[in-house]
Each structure stands twice: as structure tokens, then as C-alpha cells.
Amino acid sequence: MRYLGLDLGSRTLGCALSDKGGIFARSYTIIRHNEEYDRLIKDVYDIVTLEKVEAIVLGYPKNMDDSIGERAQKTEEFRDMLVRRTGLPVVLWDERLTTIEANEILIESGVRREDRKKVIDKIAATLILQSYLGSLK
């Protein structure tokens with residue numbers, strides 16, 4: 001089963017893709033947006049179709065106290081739009097601290113600060129997806 005992992009930010013959508021067996025996640029792309037969700041949904045649909053994705057894992061930005069804030073509410077709305085457009089199951093997956101972890105990985109890899117901003121969202125999406133895939137075992 002092939003999965004698409006997504007990390008929805010206010011200006012970018014990080015994307016990761018699993019292998020066909022649904023075991024390993026890899027970075028895929030970043031889609032820039034300004035909360036223009038109609039266009040963004042179309043772009044995701046194109047990836048789903050091209051890559052033959054069967055399920056989507058969407059990072060869920062809960063607050064550290066487990067409460068739901070504005071960002072999480074926007075994520076729920078985005079999930080609902082994805083379900084309507086793609087017809088696929090969309091799993092909300094806790095993404096707390098994934099951006100921090102992605103940043104640490106990039107620092108340890110020697111990636112310069114200005115270059116980290118260009119890839120951090122797709123690294124975060126990869127961590128979200130890999131965490132989900134690991135939970136399936």
C-alpha cells in the first residue's frame with residue numbers, strides 16, 4: 001500500500017511518499033501556497049493520481065497540552081477537503097516536535113540555515129509518515 005505523508009504549514013505543504021510496500025518513507029516535494037486550499041487540493045490530487053497513492057497521512061499540529069488550536073482546526077478542514085476530492089482515507093497523525101526534529105537532522109547533516117528553510121517541511125512530512133508506518137507493525 002502506498003502512502004502520501006503531508007505536513008501542512010501556513011505557506012508550504014511538505015510531501016513524503018512511501019514505497020509500494022508501505023514500509024519506508026522518503027521526501028517527495030514541497031508545494032508553496034498562501035492557504036489557497038482549492039489549488040493545493042488539486043496539486044495533492046495530481047500527486048495521488050501520478051503515484052497511485054492509496055491513503056494519506058496528514059500531520060496534526062496539536063498543542064503540547066493535547067488541546068486543539070487554530071492550526072489544528074485548519075488541518076481538520078484541509079483533511080475534509082482531501083477526503084472529498086480524493087476519496088481516500090486521510091489519517092491525522094500527531095506531528096508535535098517533528099519540525100524541531102527535522103531541523104536537528106539538517107543541522108547534524110551540515111545543511112546551512114538558509115538551505116534548511118527550503119527543505120524542512122518535506123523532511124518533517126517524511127518523519128510524520130515514517131512514524132505512522134512504524135506504528136502499523
# chains A, B, ... in the order shown; residues from 1 in each chain; ligands from 1

call {"tool": "residues_around", "arguments": {"residues": "segment 6-12 of chain A", "least_positions_apart": "2", "cutoff": "10 Å", "atoms": "only C-alpha atoms", "output": "JSON, numbers by chain"}}
result
{"A": [3, 4, 14, 15, 16, 17, 28, 29, 30, 31, 32, 33, 34, 35, 36, 40, 44, 56, 57, 58, 59, 60, 61, 71, 72, 74, 75, 78, 92, 93, 95, 98, 99, 118, 120, 121, 122, 123, 124, 125, 126, 127, 128, 129]}

call {"tool": "select_by_dssp", "arguments": {"residues": "segment 18-77 of chain A", "states": "alpha helix (DSSP H)", "output": "list of chain:residue names"}}
result
A:Tyr37, A:Asp38, A:Arg39, A:Leu40, A:Ile41, A:Lys42, A:Asp43, A:Val44, A:Tyr45, A:Asp46, A:Ile47, A:Val48, A:Thr49, A:Leu50, A:Glu51, A:Glu70, A:Arg71, A:Ala72, A:Gln73, A:Lys74, A:Thr75, A:Glu76, A:Glu77

call {"tool": "select_by_dssp", "arguments": {"residues": "segment 29-125 of chain A", "states": "strand (DSSP E or B)", "output": "list of chain:residue names"}}
result
A:Thr29, A:Ile30, A:Ile31, A:Arg32, A:Ala55, A:Ile56, A:Val57, A:Leu58, A:Gly59, A:Tyr60, A:Val90, A:Val91, A:Leu92, A:Trp93, A:Asp94

call {"tool": "residues_around", "arguments": {"residues": "segment 84-91 of chain A", "least_positions_apart": "3", "cutoff": "8 Å", "atoms": "only C-alpha atoms", "output": "PyMOL selection string"}}
result
chain A and resi 41+45+48+54-58+79-81

call {"tool": "write_last_selection", "arguments": {"atoms": "C-alpha atoms", "output": "CSV table (one decimal), in the first residue's frame"}}
result
chain,number,residue,atom,x,y,z
A,41,ILE,CA,-6.0,20.2,-3.1
A,45,TYR,CA,-4.8,15.1,-6.1
A,48,VAL,CA,-2.2,10.9,-5.6
A,54,GLU,CA,-3.9,4.6,-1.5
A,55,ALA,CA,-4.0,6.6,1.8
A,56,ILE,CA,-2.9,9.9,3.1
A,57,VAL,CA,-1.2,10.7,6.5
A,58,LEU,CA,-1.7,14.3,7.4
A,79,ARG,CA,-8.4,16.8,5.7
A,80,ASP,CA,-12.1,17.1,5.0
A,81,MET,CA,-11.3,18.7,1.6

call {"tool": "closest_residue", "arguments": {"among": "A:Ile100, A:Leu82, A:Asp115, A:Lys137", "to": "Lys42 of chain A", "atoms": "only C-alpha atoms"}}
result
A:Leu82

call {"tool": "atom_distance", "arguments": {"atom1": "atom CA of Ile107 of chain A", "atom2": "atom CA of Arg26 of chain A"}}
result
18.5 Å
